[in-house]
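**Q** What follows is the file work-v2.cif, containing mmCIF, C-alpha atoms:
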```cif
data_entry
loop_
_atom_site.label_atom_id
_atom_site.label_comp_id
_atom_site.auth_asym_id
_atom_site.auth_seq_id
_atom_site.Cartn_x
_atom_site.Cartn_y
_atom_site.Cartn_z
CA MET A 13 -10.91 -4.60 2.42
CA GLU A 14 -13.14 -2.33 0.39
CA VAL A 15 -12.03 0.04 -2.35
CA SER A 16 -13.83 2.61 -4.43
CA ILE A 17 -12.89 5.51 -6.64
CA PRO A 18 -15.30 8.26 -5.65
CA SER A 19 -13.80 11.01 -7.78
CA PHE A 20 -11.16 12.17 -10.23
CA ARG A 21 -9.68 15.50 -11.23
CA TYR A 22 -7.73 16.91 -14.12
CA GLU A 23 -4.20 18.16 -13.41
CA GLU A 24 -2.39 20.60 -15.63
CA SER A 25 1.37 20.89 -15.65
CA ASP A 26 3.87 23.20 -17.32
CA LEU A 27 6.30 20.30 -17.80
CA GLU A 28 3.94 17.83 -19.45
CA ARG A 29 0.47 17.41 -20.91
CA GLY A 30 -2.44 17.44 -18.52
CA TYR A 31 -3.52 14.19 -16.92
CA THR A 32 -6.29 12.74 -14.77
CA VAL A 33 -5.75 11.77 -11.13
CA PHE A 34 -8.12 9.20 -9.61
CA LYS A 35 -8.88 9.38 -5.89
CA ILE A 36 -9.02 5.86 -4.40
CA GLU A 37 -10.81 5.33 -1.10
CA VAL A 38 -9.51 2.32 0.86
CA LEU A 39 -11.43 0.96 3.86
CA MET A 40 -9.61 -1.71 5.85
CA ASN A 41 -10.22 -2.83 9.42
CA GLY A 42 -12.55 0.11 10.00
CA ARG A 43 -9.96 2.68 8.89
CA LYS A 44 -10.32 4.76 5.77
CA HIS A 45 -7.59 6.46 3.78
CA PHE A 46 -7.24 7.92 0.32
CA VAL A 47 -4.64 7.36 -2.39
CA GLU A 48 -4.34 9.32 -5.61
CA LYS A 49 -3.10 7.56 -8.74
CA ARG A 50 -2.80 8.30 -12.44
CA TYR A 51 -3.93 5.82 -15.07
CA SER A 52 -0.29 5.09 -15.95
CA GLU A 53 0.21 3.83 -12.38
CA PHE A 54 -2.82 1.52 -12.73
CA HIS A 55 -1.39 0.24 -16.01
CA ALA A 56 2.04 -0.42 -14.43
CA LEU A 57 0.32 -2.29 -11.57
CA HIS A 58 -1.67 -4.37 -14.06
CA LYS A 59 1.47 -5.37 -15.99
CA LYS A 60 3.18 -6.54 -12.79
CA LEU A 61 0.09 -8.31 -11.39
CA LYS A 62 -0.35 -10.28 -14.63
CA LYS A 63 2.94 -12.03 -13.91
CA CYS A 64 1.78 -13.58 -10.64
CA ILE A 65 -2.05 -13.70 -10.50
CA LYS A 66 -5.04 -13.95 -12.79
CA THR A 67 -6.10 -10.36 -13.43
CA PRO A 68 -9.36 -8.90 -14.69
CA GLU A 69 -9.48 -6.66 -17.76
CA ILE A 70 -8.28 -3.10 -17.27
CA PRO A 71 -9.93 -0.19 -19.13
CA SER A 72 -8.28 0.81 -22.38
CA LYS A 73 -5.09 2.81 -22.16
CA HIS A 74 -6.09 5.12 -24.99
CA VAL A 75 -8.95 7.56 -24.58
CA ARG A 76 -10.10 9.47 -27.63
CA ASN A 77 -11.33 12.54 -25.83
CA TRP A 78 -11.23 13.86 -22.29
CA VAL A 79 -14.90 14.67 -21.87
CA PRO A 80 -16.34 14.02 -18.39
CA LYS A 81 -18.55 11.15 -19.61
CA VAL A 82 -15.55 9.21 -20.98
CA LEU A 83 -13.50 9.88 -17.83
CA GLU A 84 -16.43 8.73 -15.68
CA GLN A 85 -16.51 5.44 -17.61
CA ARG A 86 -12.77 5.04 -17.02
CA ARG A 87 -13.26 5.78 -13.30
CA GLN A 88 -15.94 3.09 -13.08
CA GLY A 89 -13.78 0.63 -15.00
CA LEU A 90 -10.76 1.19 -12.73
CA GLU A 91 -12.97 0.85 -9.65
CA MET A 92 -14.35 -2.47 -10.94
CA TYR A 93 -10.78 -3.58 -11.73
CA LEU A 94 -9.58 -2.99 -8.14
CA GLN A 95 -12.67 -4.66 -6.68
CA ALA A 96 -12.26 -7.69 -8.97
CA VAL A 97 -8.62 -8.15 -7.92
CA ILE A 98 -9.75 -8.18 -4.28
CA LEU A 99 -12.67 -10.56 -4.90
CA GLU A 100 -10.75 -13.04 -7.05
CA ASN A 101 -7.76 -13.45 -4.74
CA GLU A 102 -7.80 -14.89 -1.23
CA GLU A 103 -4.41 -13.37 -0.46
CA LEU A 104 -3.61 -10.06 -2.05
CA PRO A 105 -0.15 -9.62 -3.57
CA LYS A 106 2.24 -7.32 -1.76
CA LEU A 107 2.57 -5.04 -4.76
CA PHE A 108 -1.22 -4.57 -4.83
CA LEU A 109 -1.18 -3.61 -1.14
CA ASP A 110 1.76 -1.27 -1.78
CA PHE A 111 -0.20 0.38 -4.60
CA LEU A 112 -3.05 1.10 -2.17
CA ASN A 113 -0.65 2.15 0.63
CA VAL A 114 -1.93 -0.64 2.87
CA ARG A 115 0.29 -2.09 5.55
CA HIS A 116 0.69 -5.80 5.13
CA LEU A 117 2.16 -8.73 7.00
CA PRO A 118 5.51 -9.93 5.66
CA SER A 119 4.46 -13.57 6.02
CA LEU A 120 1.82 -13.63 3.26
CA PRO A 121 3.05 -16.33 0.87
CA LYS A 122 1.44 -14.86 -2.25
CA ALA A 123 2.55 -11.39 -1.30
CA GLU A 124 6.16 -12.49 -1.10
CA SER A 125 6.00 -14.32 -4.42
CA CYS A 126 4.99 -11.18 -6.35
CA GLY A 127 7.53 -8.80 -4.91
CA SER A 128 7.08 -5.13 -4.22
CA PHE A 129 5.55 -2.46 -6.42
CA ASP A 130 8.56 -0.18 -6.00
CA GLU A 131 11.33 -2.67 -6.61
CA THR A 132 13.04 -3.20 -9.92
CA GLU A 133 12.72 -6.33 -12.01
CA SER A 134 16.09 -7.87 -11.06
CA GLU A 135 16.31 -10.61 -8.46
CA GLU A 136 19.42 -9.05 -6.88
CA SER A 137 17.43 -6.02 -5.76
CA ARG A 138 15.10 -8.04 -3.51
CA LEU A 139 15.83 -7.45 0.14
CA SER A 140 14.59 -9.36 3.12
CA HIS A 141 12.85 -7.10 5.60
CA GLN A 142 12.19 -7.99 9.21
CA PRO A 143 9.68 -6.26 11.47
CA VAL A 144 11.17 -3.84 13.97
CA LEU A 145 10.02 -3.61 17.58
CA LEU A 146 10.58 -0.27 19.20
CA PHE A 147 9.34 1.28 22.43
CA LEU A 148 9.82 5.01 22.73
CA ARG A 149 7.98 5.25 26.03
CA ASP A 150 5.65 2.93 27.91
CA PRO A 151 2.42 4.91 28.42
CA TYR A 152 1.24 2.50 31.15
CA VAL A 153 4.21 2.99 33.44
CA LEU A 154 3.97 6.14 35.50
CA PRO A 155 7.09 7.81 36.86
CA ALA A 156 8.06 6.49 40.27
CA ALA A 157 7.10 8.63 43.25
CA SER A 158 10.47 7.93 44.89
CA ASP A 159 14.07 8.18 43.75
CA PHE A 160 14.54 4.37 43.86
CA PRO A 161 14.68 2.71 40.42
CA ASN A 162 12.02 0.18 39.46
CA VAL A 163 14.15 -2.98 39.34
CA VAL A 164 11.46 -5.12 37.70
CA ILE A 165 10.87 -2.75 34.76
CA GLU A 166 14.59 -2.16 34.31
CA GLY A 167 15.22 -5.93 34.32
CA VAL A 168 12.51 -6.60 31.73
CA LEU A 169 13.68 -3.79 29.45
CA HIS A 170 17.30 -4.90 29.87
CA GLY A 171 16.29 -8.45 28.93
CA ILE A 172 14.45 -7.27 25.81
CA PHE A 173 16.98 -4.80 24.49
CA TYR A 174 20.23 -6.36 25.73
CA PRO A 175 19.69 -10.15 25.87
CA GLN A 176 23.35 -10.83 25.06
CA LEU A 177 24.41 -9.13 28.33
CA GLN A 178 22.38 -11.38 30.62
CA PRO A 179 24.34 -13.42 33.18
CA ARG A 180 24.74 -17.08 32.31
#
```
If you convert what's in this file into structure tokens, what do you get?

**A**
Amino acid sequence: MEVSIPSFRYEESDLERGYTVFKIEVLMNGRKHFVEKRYSEFHALHKKLKKCIKTPEIPSKHVRNWVPKVLEQRRQGLEMYLQAVILENEELPKLFLDFLNVRHLPSLPKAESCGSFDETESEESRLSHQPVLLFLRDPYVLPAASDFPNVVIEGVLHGIFYPQLQPR
């Protein structure tokens, strides 16, 4: 997995003070996607990661002025932070993968031990999730040329989706 923060932008809002949004580029298994995060989200991630892994230093929360040079230094610092987390950990915590919107396998031991980025702190809120297998349509099976049903395909699908109804 490779991450970088190629850019940032300033957002203004009527409801709150302006803030900076950092655009994170994530490259994993040859696929690239982008995630946008505020510094406060990086800080929340850092606080949660500290509880379960050794974390690198994160850039200072307080910035004296919002000039481009200072924001560029913060961008570089956050980019180095994400890259250091990846380099220093063989298995990335689930909450780190959630932060980057990366799909992950539920069987990663370290990922399970850290919990999810979105869940609350209480143990009662942890849910066990199982992967779901769903076929909407098999693209390799063409419609039959005749009106006779395909007994083999129907039997296989019946066995997958209704195993409790099989004759004993």

**Q** Compile the contact shell of region 80-88 of chain A as a PyMOL selection string: residues with an atom at most 7 Å away, counting only C-alpha atoms, same-chain residues fewer than 3 positions apart removed.

**A** chain A and resi 17+71+91-92

**Q** Could you write those residues out with C-alpha atoms, as a compact mmCIF listing (two decimals), in the frame of the given file?

**A**
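See again-v5.txt below for the written result:
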```
# COMPACT_ATOMS: atom_id res chain seq x y z
CA ILE A 17 -12.89 5.51 -6.64
CA PRO A 71 -9.93 -0.19 -19.13
CA GLU A 91 -12.97 0.85 -9.65
CA MET A 92 -14.35 -2.47 -10.94
```

**Q** Given the point (-1.4, 8.0, -7.0) in the coordinates of this file, which residues lie within 12 Å, counting only C-alpha atoms, and how would they look as a list in words?

**A** Ile17, Phe20, Arg21, Tyr31, Thr32, Val33, Phe34, Lys35, Ile36, Glu37, Phe46, Val47, Glu48, Lys49, Arg50, Tyr51, Ser52, Glu53, Phe54, His55, Ala56, Leu57, Asp110, Phe111, Leu112 and Asn113 of chain A

**Q** Expressed in Å to a single decimal, how great is the separation between CA of Gln95 (chain A) and CA of Tyr22 (chain A)?

**A** 23.3 Å

**Q** Of the candidates A:Leu109, A:Ala96, A:Lys73, A:Ile172, which shows the shortest atom-to-atom distance to Val38 (chain A), using all atoms listed in the file?

**A**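 That would be A:Leu109, the residue with the smallest distance to Val38 (chain A).
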
**Q** Go through A:Val164, A:Leu90, A:Leu99, A:Met40 one by one, measure the shortest atom-to-atom distance of each to Ser72 (chain A) using only C-alpha atoms, and give the residue with the smallest value.

**A**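 Ranking A:Val164, A:Leu90, A:Leu99, A:Met40 by distance to Ser72 (chain A), first place goes to A:Leu90.
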
**Q** Check what the PyMOL selection byres ((chain A and resi 14) around 6) selects in the file above and give those residues as JSON, numbers by chain.

**A** {"A": [13, 15, 38, 39]}

**Q** Counting only C-alpha atoms, figure out which residue out of A:Gly171, A:Ser16, A:Trp78, A:Gly30 gets nearest to Ile98 (chain A).

**A**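 Once distances to Ile98 (chain A) are computed over only C-alpha atoms, the minimum belongs to A:Ser16.
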
**Q** By how many Å are CA of His74 (chain A) and CA of Glu24 (chain A) apart?

**A**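 Separation between CA of His74 (chain A) and CA of Glu24 (chain A): 18.5 Å.
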
**Q** What is the CA of Val114 (chain A)-CA of Lys44 (chain A) distance in Å, reported with one decimal?

**A** 10.4 Å

**Q** Using only C-alpha atoms, pick whichever of A:Glu23, A:Asn41, A:Phe108, A:Glu28 has the shortest atom-to-atom distance to Ile65 (chain A).

**A**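 Distance minimum relative to Ile65 (chain A) lands on A:Phe108.
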
**Q** Find the residue from A:Cys64, A:Val75, A:Ile70, A:Leu94 that sits nearest to Lys106 (chain A); use all atoms listed in the file when measuring.

**A**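 Closest to Lys106 (chain A) of all the choices is A:Cys64.
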
**Q** So what does the PyMOL selection byres ((chain A and resi 68) around 8) actually pick up in this one, as number ranges by chain?

**A** A: 66-67, 69-70, 93, 96-97
